[in-house]
Structure formats: C-alpha cells, structure tokens
Amino acid sequence: MRKRWIREKFGFFEKNAQSLSSKPKIWIHAVSVGEVVAVSGMIKKLSNKYEIILSTVTDTGQRVAQNRFKDHNVQIIYMPFDIPFVINKTLKHFMPVALILTETELWPNLIRVASKKIPVILANGRISDKSFKGYRKVKFFIKPLLKKFTLLCVQEQQYKEKFLNLGAEQQKIHITGNMKFDIELKPIHFTWEKSIPKPVIIAGSTHEPEEEIVLDSFLNLDIPGTLIIVPRHPERFDVVEKTIKSKLNNNLLFFRLSEINPHQDLPYSSEKFSMIILVDQMGILGSLYRICHIAIIGGSFIPHGGQNPLEPAYWSKPIVCGPHMHNFPFIEEFLNQKACIMTDKDSLSQVLKELIENSELRQTMGERAYQLFLSKSGATEKTLKLLQRIIP
C-alpha cells in the first residue's frame, strides 16, 4: 500500500493501469470516505458510459471505494501531489475528457493545469463557515481559481451565495441538492442479529473519546440491551477494544464483529445480560443501521462537526446527535421537524432512556427522518443532466 502511495503521489502509475477499456475517461476526486459514499450513485451511473478514474487522499477512502466499485468500470488511485509537473504527468497518462471535484476540493494547481485541457466541474459543492472565512481573506487568490470551473453544482442556496461572494460566475452555478440524500443501502443480514439483547443502539463513526461517552451513557441505563460501536477510523479498533474491556462486568458480554460467526446465534444465558459489539470492518455501517432501535451520530460530541445522519434516516431510525453538527447544516430541518434529538454528553443517557421507554416516539421520529430523506433526494440525477451538456 505504501509503495503504491508513493508512486502514485508522484504521478507514476502501472502501465496496465493506463486503460481498462476503450471508453472515454473521467477523473473524479473524492477526498475520503464521506465524499466517496456521497458520489457513489453518480460514479456508478457514469461508469456505464465512461471509464472512471477515482482518486482519494486517505487509505480508508481507498478501501471503501474498492469495495463499492469492484463490479464497476472504476480504477482507484491516490490523489497525486498538487504540483504542476505531477498533475501534467497524471493527465497525460490517463487522458481524461473531464475532471470532477467533489464538495470542497479546491486544488489550485490541479484546477489551473486541468482547466487548460478539459472541463473542470465541482459536484455536490459546499463551503463550511470556517472555510468561507479563510477563503474570503484570500479572495484575490480564490476568485481566478473559481473562474476556471466550467460548472459548479452546489448543495444549497447558502453555498451558492458563498461561491458568488468569492467571485464565482452566476451562470456557472446550479443548486442541485445534496447527493448524500441519494444513498441506496443494501441490507446485511446476520443470523446473530435475532438473538442479541434488545433494544439495539448503534453509535456510528465515533471519534476519541466518544466511545467512552457512549459506553458510560449505555451502562448508566441499567437496562438489558446491545450497544454496537463503529469507530470512524480502523486504526483505532484495538484502542476502542481496550476501552470497552476496561468497563466490562459480569452482566456485560463483548464481541468483535470479525470474531462472530455470521451464521450462528450469539449465546447468552439471561435477559439480564447486555452486550457490546465492536464493528471492526469498513463499509457496512450504513447497512447495519437497519437492525438498530436508536442511532447515535459520531463526531458530534466533540468539535469535529458530526458524521452523516442520513444513513439511519434511510432506515427510518430515530437519530440522536451531539451539539457539534456544523458539517451538516440540514440537521436544523431534522431538529425542527423533531426527526432528531440533539443533546450533550451529560444528558445522553437520559435521552436514550426516554427513547427506549417510548416506542411511539421512536417510530414517529424515524418516520419523520425518512420523509425528510425522501424530500431531499434527486441531486444525483440533476447533476448528471448538467454533466451531459458539458462532457463529450
């Protein structure tokens, strides 16, 4: 992995990587897991007509991409260094007919070099408040960069206004919605899911020290049930296991998902038992939410900005998040429609207890979350229609 990373960062690719088919190529860049997941629908549909060169920055992005697109016409590479000669080398090697950047990926040299040869497009675009403040300070630098885009597809009106403020051209900007609402999740069925203690709570995409926050809140409930913890980063699996084991008692069982036989029930001898399952596999969280009664959104109990709440909404699950969800401004609609509860770490246990005891509230919240999910879908199709006008 590291040798390939070094080669590709400098624009050196395997000779047999030059062409997987005779189809024209599109280079799509999605920095990590979230961006890969968001544009998956677009990539799969484009791969019917084009060969896709998909670049990511992170190793986890690579793994998720390889798993998602193993049956599609997609070649996955590491994003080369943003140096003109490296970018030129990469463009010459693959000869794409278009470059599509996702969300907030403004790579100056990549944009400058590529725009001289092919259309450069932003898909699912957004600018956080923090990034916007930084960009405004260097508007003299950002404005000519934005003018090199052929098309800017942004998620919401507020992002359109930010891009215009930074100097983007009005006629190039289109509000297409958020592709993260267009997810399609396949259910994963395990034999053991029927036998684990109920209710089931899933804490998804957690960061340090959220595992301990969720664990303490779960243990304070003093109610039998199952807590499934899914850390955001695989390199933390062992550390999270140690945290869990430090809190085990005689009425608490622990399993790593990779150690469970998917075709057997999990043995536990009393309804008094509770269970902790550590998910040490990538790419299955979205599908796992199907089996939970309550979904807790990771990255929201620390100043990270939250993780994607749309996957549990897809399965009509009640959503609980922390106070830090600024990466997902649409969470305000979920809160206003009472499809989500926002709380802090000190009140998390009480919120969970109320939801566990009130099945009607859980069902109502889940239905509202799903209706919001449906009302915002369609961004992928809107984007594809705009791309048809530009990409040969």
# chains A, B, ... in the order shown; residues from 1 in each chain; ligands from 1

call {"tool": "select_by_dssp", "arguments": {"residues": "segment 178-208 of chain A", "states": "strand (DSSP E or B)", "output": "mmCIF file with N, CA and C atoms, in the first residue's frame"}}
result
data_model
loop_
_atom_site.group_PDB
_atom_site.id
_atom_site.type_symbol
_atom_site.label_atom_id
_atom_site.label_comp_id
_atom_site.auth_asym_id
_atom_site.auth_seq_id
_atom_site.Cartn_x
_atom_site.Cartn_y
_atom_site.Cartn_z
ATOM 1 N N VAL A 200 -31.433 -2.364 20.537
ATOM 2 C CA VAL A 200 -30.103 -2.243 19.937
ATOM 3 C C VAL A 200 -29.814 -0.762 19.659
ATOM 4 N N ILE A 201 -28.683 -0.298 20.161
ATOM 5 C CA ILE A 201 -28.236 1.079 19.925
ATOM 6 C C ILE A 201 -26.960 1.030 19.108
ATOM 7 N N ILE A 202 -26.894 1.778 18.031
ATOM 8 C CA ILE A 202 -25.672 1.849 17.229
ATOM 9 C C ILE A 202 -25.076 3.243 17.338
ATOM 10 N N ALA A 203 -23.817 3.301 17.740
ATOM 11 C CA ALA A 203 -23.057 4.554 17.736
ATOM 12 C C ALA A 203 -22.126 4.493 16.536
ATOM 13 N N GLY A 204 -22.441 5.272 15.501
ATOM 14 C CA GLY A 204 -21.733 5.157 14.227
ATOM 15 C C GLY A 204 -20.688 6.230 14.006
ATOM 16 N N SER A 205 -19.564 5.828 13.421
ATOM 17 C CA SER A 205 -18.474 6.741 13.050
ATOM 18 C C SER A 205 -17.984 7.549 14.244
ATOM 19 N N THR A 206 -17.702 6.859 15.339
ATOM 20 C CA THR A 206 -17.271 7.544 16.565
ATOM 21 C C THR A 206 -15.800 7.943 16.501
#

call {"tool": "residues_around", "arguments": {"residues": "Gly34 of chain A", "least_positions_apart": "3", "cutoff": "9 Å", "atoms": "only C-alpha atoms", "output": "list in words"}}
result
Ala30, Val31, Val37, Ala38, Val39, Gly61, Lys180, Gln307 and Asn308 of chain A

call {"tool": "write_last_selection", "arguments": {"atoms": "N, CA and C atoms", "output": "PDB file, in the first residue's frame"}}
result
ATOM      1  N   ALA A  30     -12.533  12.351  -4.862  1.00  0.00           N
ATOM      2  CA  ALA A  30     -13.310  12.349  -3.616  1.00  0.00           C
ATOM      3  C   ALA A  30     -12.339  12.089  -2.484  1.00  0.00           C
ATOM      4  N   VAL A  31     -12.144  13.068  -1.621  1.00  0.00           N
ATOM      5  CA  VAL A  31     -11.012  13.037  -0.696  1.00  0.00           C
ATOM      6  C   VAL A  31     -11.006  11.819   0.226  1.00  0.00           C
ATOM      7  N   VAL A  37     -18.764   7.956  -0.533  1.00  0.00           N
ATOM      8  CA  VAL A  37     -20.132   7.475  -0.316  1.00  0.00           C
ATOM      9  C   VAL A  37     -21.136   8.418  -0.976  1.00  0.00           C
ATOM     10  N   ALA A  38     -20.921   9.728  -0.817  1.00  0.00           N
ATOM     11  CA  ALA A  38     -21.872  10.717  -1.344  1.00  0.00           C
ATOM     12  C   ALA A  38     -22.023  10.632  -2.854  1.00  0.00           C
ATOM     13  N   VAL A  39     -20.920  10.437  -3.566  1.00  0.00           N
ATOM     14  CA  VAL A  39     -20.982  10.469  -5.035  1.00  0.00           C
ATOM     15  C   VAL A  39     -21.013   9.071  -5.649  1.00  0.00           C
ATOM     16  N   GLY A  61     -10.544   5.857   2.459  1.00  0.00           N
ATOM     17  CA  GLY A  61     -11.259   6.186   1.220  1.00  0.00           C
ATOM     18  C   GLY A  61     -10.976   5.170   0.127  1.00  0.00           C
ATOM     19  N   LYS A 180     -25.737  13.154  -0.842  1.00  0.00           N
ATOM     20  CA  LYS A 180     -25.754  12.234   0.293  1.00  0.00           C
ATOM     21  C   LYS A 180     -27.169  11.756   0.603  1.00  0.00           C
ATOM     22  N   GLN A 307     -20.985  13.349  11.780  1.00  0.00           N
ATOM     23  CA  GLN A 307     -20.920  12.414  10.653  1.00  0.00           C
ATOM     24  C   GLN A 307     -22.312  12.319  10.038  1.00  0.00           C
ATOM     25  N   ASN A 308     -22.431  11.555   8.970  1.00  0.00           N
ATOM     26  CA  ASN A 308     -23.637  11.533   8.146  1.00  0.00           C
ATOM     27  C   ASN A 308     -24.850  10.942   8.889  1.00  0.00           C
TER      28      ASN A 308
END

call {"tool": "closest_residue", "arguments": {"among": "A:Val214, A:Ala123, A:Ile229, A:Val64", "to": "Ile276 of chain A", "atoms": "only C-alpha atoms"}}
result
A:Ile229

call {"tool": "residues_around", "arguments": {"residues": "Leu352 of chain A", "least_positions_apart": "5", "cutoff": "10 Å", "atoms": "only C-alpha atoms", "output": "compact mmCIF listing (two decimals) with N, CA, C and O atoms, in the first residue's frame"}}
result
# COMPACT_ATOMS: atom_id res chain seq x y z
N ILE A 201 -28.68 -0.30 20.16
CA ILE A 201 -28.24 1.08 19.93
C ILE A 201 -26.96 1.03 19.11
O ILE A 201 -26.03 0.29 19.46
N SER A 217 -22.86 6.20 29.05
CA SER A 217 -24.31 6.50 28.96
C SER A 217 -25.11 5.21 28.86
O SER A 217 -26.18 5.08 29.49
N PHE A 218 -24.62 4.25 28.09
CA PHE A 218 -25.30 2.96 27.93
C PHE A 218 -25.32 2.19 29.25
O PHE A 218 -26.37 1.65 29.66
N LEU A 221 -27.81 3.26 31.90
CA LEU A 221 -29.21 2.91 31.69
C LEU A 221 -29.66 1.79 32.60
O LEU A 221 -30.82 1.73 33.02
N ILE A 294 -32.14 2.72 17.97
CA ILE A 294 -31.72 4.10 18.14
C ILE A 294 -30.34 4.27 17.50
O ILE A 294 -29.47 3.41 17.67
N ALA A 295 -30.14 5.34 16.76
CA ALA A 295 -28.85 5.63 16.12
C ALA A 295 -28.22 6.86 16.75
O ALA A 295 -28.86 7.91 16.85
N ILE A 296 -26.97 6.72 17.18
CA ILE A 296 -26.20 7.85 17.73
C ILE A 296 -25.16 8.26 16.69
O ILE A 296 -24.41 7.41 16.19
N VAL A 320 -30.07 10.42 17.33
CA VAL A 320 -29.57 11.22 18.45
C VAL A 320 -28.18 11.73 18.08
O VAL A 320 -27.34 10.96 17.59
N ILE A 341 -32.92 14.24 17.90
CA ILE A 341 -32.73 14.87 19.21
C ILE A 341 -31.26 15.24 19.35
O ILE A 341 -30.39 14.38 19.18
N SER A 347 -26.37 14.54 29.16
CA SER A 347 -27.80 14.20 29.08
C SER A 347 -28.08 13.02 28.15
O SER A 347 -29.23 12.62 27.99
N GLU A 357 -37.99 3.77 26.39
CA GLU A 357 -39.27 3.57 27.07
C GLU A 357 -40.46 4.02 26.24
O GLU A 357 -41.60 3.70 26.57
N ASN A 358 -40.22 4.75 25.14
CA ASN A 358 -41.32 5.29 24.36
C ASN A 358 -41.19 4.84 22.90
O ASN A 358 -40.62 5.52 22.06

call {"tool": "atom_distance", "arguments": {"atom1": "atom CA of Asn109 of chain A", "atom2": "atom CA of Ile87 of chain A"}}
result
7.6 Å

call {"tool": "closest_residue", "arguments": {"among": "A:Gln66, A:Ser349, A:Thr102, A:Asn327", "to": "Pro303 of chain A", "atoms": "only C-alpha atoms"}}
result
A:Asn327

call {"tool": "residues_around", "arguments": {"residues": "Thr60 of chain A", "least_positions_apart": "5", "cutoff": "10 Å", "atoms": "only C-alpha atoms", "output": "MDAnalysis selection string"}}
result
chainID A and resid 32:33 65:66 232:235 282:283

call {"tool": "select_by_dssp", "arguments": {"residues": "segment 57-276 of chain A", "states": "helix (DSSP H, G or I)", "output": "PyMOL selection string"}}
result
chain A and resi 59-68+84-94+108-115+129-137+139-146+157-165+170-172+179-182+191-194+210-221+234-245+257-259

call {"tool": "residues_around", "arguments": {"residues": "Pro262 of chain A", "least_positions_apart": "2", "cutoff": "6 Å", "atoms": "only C-alpha atoms", "output": "PyMOL selection string"}}
result
chain A and resi 190-191+260+264

call {"tool": "residues_around", "arguments": {"residues": "Glu311 of chain A", "least_positions_apart": "3", "cutoff": "9 Å", "atoms": "only C-alpha atoms", "output": "PyMOL selection string"}}
result
chain A and resi 180-181+183+185+285-287+289+308+314-315+317

call {"tool": "write_last_selection", "arguments": {"atoms": "all heavy atoms", "output": "compact mmCIF listing (two decimals), in the first residue's frame"}}
result
# COMPACT_ATOMS: atom_id res chain seq x y z
N LYS A 180 -25.74 13.15 -0.84
CA LYS A 180 -25.75 12.23 0.29
C LYS A 180 -27.17 11.76 0.60
O LYS A 180 -27.36 10.76 1.28
CB LYS A 180 -25.13 12.89 1.52
CG LYS A 180 -23.61 13.03 1.41
CD LYS A 180 -23.00 13.64 2.65
CE LYS A 180 -21.47 13.71 2.49
NZ LYS A 180 -20.81 14.34 3.65
N PHE A 181 -28.17 12.49 0.10
CA PHE A 181 -29.55 12.05 0.28
C PHE A 181 -29.93 10.95 -0.72
O PHE A 181 -31.01 10.38 -0.61
CB PHE A 181 -30.51 13.23 0.11
CG PHE A 181 -30.58 14.14 1.30
CD1 PHE A 181 -29.88 15.33 1.31
CD2 PHE A 181 -31.34 13.82 2.40
CE1 PHE A 181 -29.95 16.18 2.41
CE2 PHE A 181 -31.41 14.65 3.50
CZ PHE A 181 -30.72 15.83 3.51
N ILE A 183 -28.49 8.08 -1.26
CA ILE A 183 -27.87 6.79 -0.95
C ILE A 183 -28.85 5.64 -1.14
O ILE A 183 -30.05 5.78 -0.93
CB ILE A 183 -27.32 6.76 0.50
CG1 ILE A 183 -28.43 7.11 1.50
CG2 ILE A 183 -26.13 7.67 0.64
CD1 ILE A 183 -27.99 6.99 2.95
N LEU A 185 -28.88 1.74 0.20
CA LEU A 185 -28.19 0.83 1.10
C LEU A 185 -28.78 -0.57 1.00
O LEU A 185 -30.00 -0.75 1.00
CB LEU A 185 -28.29 1.32 2.55
CG LEU A 185 -27.69 2.70 2.83
CD1 LEU A 185 -28.01 3.15 4.25
CD2 LEU A 185 -26.19 2.69 2.61
N LEU A 285 -21.45 0.15 7.91
CA LEU A 285 -22.23 0.90 8.90
C LEU A 285 -23.61 1.26 8.37
O LEU A 285 -24.62 1.07 9.06
CB LEU A 285 -21.47 2.16 9.32
CG LEU A 285 -22.27 3.14 10.20
CD1 LEU A 285 -22.69 2.47 11.50
CD2 LEU A 285 -21.43 4.39 10.48
N GLY A 286 -23.66 1.81 7.14
CA GLY A 286 -24.95 2.23 6.59
C GLY A 286 -25.97 1.11 6.59
O GLY A 286 -27.15 1.32 6.91
N SER A 287 -25.54 -0.09 6.24
CA SER A 287 -26.44 -1.24 6.21
C SER A 287 -26.76 -1.75 7.61
O SER A 287 -27.86 -2.25 7.87
CB SER A 287 -25.83 -2.36 5.38
OG SER A 287 -25.67 -1.95 4.03
N TYR A 289 -27.28 -0.01 10.29
CA TYR A 289 -28.30 0.80 10.97
C TYR A 289 -29.69 0.16 10.90
O TYR A 289 -30.56 0.46 11.72
CB TYR A 289 -28.36 2.20 10.36
CG TYR A 289 -27.32 3.17 10.88
CD1 TYR A 289 -26.43 3.80 10.01
CD2 TYR A 289 -27.22 3.46 12.24
CE1 TYR A 289 -25.47 4.70 10.47
CE2 TYR A 289 -26.27 4.35 12.71
CZ TYR A 289 -25.40 4.97 11.83
OH TYR A 289 -24.47 5.86 12.30
N ASN A 308 -22.43 11.56 8.97
CA ASN A 308 -23.64 11.53 8.15
C ASN A 308 -24.85 10.94 8.89
O ASN A 308 -24.85 9.76 9.22
CB ASN A 308 -23.36 10.73 6.88
CG ASN A 308 -24.48 10.84 5.87
OD1 ASN A 308 -25.46 11.52 6.09
ND2 ASN A 308 -24.32 10.15 4.76
N TYR A 314 -32.43 6.73 6.33
CA TYR A 314 -32.81 5.83 5.23
C TYR A 314 -33.61 4.64 5.76
O TYR A 314 -34.53 4.15 5.10
CB TYR A 314 -31.54 5.35 4.53
CG TYR A 314 -31.74 4.42 3.37
CD1 TYR A 314 -31.83 4.91 2.07
CD2 TYR A 314 -31.83 3.03 3.55
CE1 TYR A 314 -32.00 4.05 0.99
CE2 TYR A 314 -31.99 2.17 2.47
CZ TYR A 314 -32.07 2.68 1.20
OH TYR A 314 -32.24 1.83 0.13
N TRP A 315 -33.26 4.16 6.96
CA TRP A 315 -33.93 3.01 7.56
C TRP A 315 -35.03 3.43 8.54
O TRP A 315 -35.53 2.60 9.30
CB TRP A 315 -32.91 2.12 8.29
CG TRP A 315 -31.85 1.55 7.41
CD1 TRP A 315 -30.52 1.87 7.41
CD2 TRP A 315 -32.00 0.54 6.41
NE1 TRP A 315 -29.84 1.13 6.48
CE2 TRP A 315 -30.72 0.30 5.84
CE3 TRP A 315 -33.10 -0.19 5.93
CZ2 TRP A 315 -30.51 -0.62 4.82
CZ3 TRP A 315 -32.89 -1.11 4.91
CH2 TRP A 315 -31.60 -1.32 4.38
N LYS A 317 -34.91 5.34 11.27
CA LYS A 317 -34.48 5.19 12.65
C LYS A 317 -34.44 6.54 13.38
O LYS A 317 -34.08 7.56 12.78
CB LYS A 317 -33.09 4.55 12.71
CG LYS A 317 -33.00 3.18 12.04
CD LYS A 317 -33.95 2.17 12.66
CE LYS A 317 -33.85 0.81 11.95
NZ LYS A 317 -34.77 -0.18 12.56

call {"tool": "closest_residue", "arguments": {"among": "A:Asp59, A:Glu381, A:Glu333, A:Glu211", "to": "Thr176 of chain A", "atoms": "only C-alpha atoms"}}
result
A:Glu381

call {"tool": "residues_around", "arguments": {"residues": "segment 22-25 of chain A", "least_positions_apart": "3", "cutoff": "10 Å", "atoms": "only C-alpha atoms", "output": "count of residues only"}}
result
20

call {"tool": "closest_residue", "arguments": {"among": "A:Cys153, A:Ala339, A:Val86, A:Ile356", "to": "Asp222 of chain A", "atoms": "only C-alpha atoms"}}
result
A:Ile356

call {"tool": "atom_distance", "arguments": {"atom1": "atom CA of Thr226 of chain A", "atom2": "atom CA of Phe255 of chain A"}}
result
10.9 Å

call {"tool": "closest_residue", "arguments": {"among": "A:Leu257, A:Ile142, A:Leu252, A:Ile26", "to": "Glu193 of chain A", "atoms": "only C-alpha atoms"}}
result
A:Leu257

call {"tool": "closest_residue", "arguments": {"among": "A:Leu348, A:Leu101, A:Leu278, A:Met179", "to": "Lys376 of chain A", "atoms": "only C-alpha atoms"}}
result
A:Met179

call {"tool": "atom_distance", "arguments": {"atom1": "atom CA of Pro224 of chain A", "atom2": "atom CA of Ser274 of chain A"}}
result
4.8 Å

call {"tool": "decode", "arguments": {"residues": "segment 261-293 of chain A", "atoms": "C-alpha atoms", "output": "tab-separated table (two decimals), in the first residue's frame"}}
result
chain	number	residue	atom	x	y	z
A	261	ASN	CA	-19.73	-16.46	13.09
A	262	PRO	CA	-22.31	-14.72	10.86
A	263	HIS	CA	-24.32	-17.96	10.60
A	264	GLN	CA	-24.68	-18.70	14.32
A	265	ASP	CA	-26.63	-17.20	17.19
A	266	LEU	CA	-24.71	-15.42	19.91
A	267	PRO	CA	-25.03	-17.33	23.20
A	268	TYR	CA	-26.13	-15.51	26.32
A	269	SER	CA	-27.98	-17.18	29.14
A	270	SER	CA	-30.09	-14.46	30.74
A	271	GLU	CA	-32.21	-11.48	29.83
A	272	LYS	CA	-30.20	-9.57	32.43
A	273	PHE	CA	-27.18	-9.59	30.14
A	274	SER	CA	-26.17	-6.65	27.97
A	275	MET	CA	-23.83	-6.85	25.03
A	276	ILE	CA	-21.21	-4.67	23.36
A	277	ILE	CA	-20.23	-5.36	19.75
A	278	LEU	CA	-17.22	-3.57	18.23
A	279	VAL	CA	-17.56	-3.35	14.45
A	280	ASP	CA	-14.02	-3.76	13.12
A	281	GLN	CA	-14.96	-3.80	9.43
A	282	MET	CA	-15.24	-0.95	6.96
A	283	GLY	CA	-18.12	-0.07	4.66
A	284	ILE	CA	-21.02	-1.77	6.45
A	285	LEU	CA	-22.23	0.90	8.90
A	286	GLY	CA	-24.95	2.23	6.59
A	287	SER	CA	-26.44	-1.24	6.21
A	288	LEU	CA	-26.04	-2.07	9.91
A	289	TYR	CA	-28.30	0.80	10.97
A	290	ARG	CA	-31.20	-1.37	9.77
A	291	ILE	CA	-31.04	-3.52	12.91
A	292	CYS	CA	-30.94	-0.73	15.50
A	293	HIS	CA	-33.69	0.89	17.55
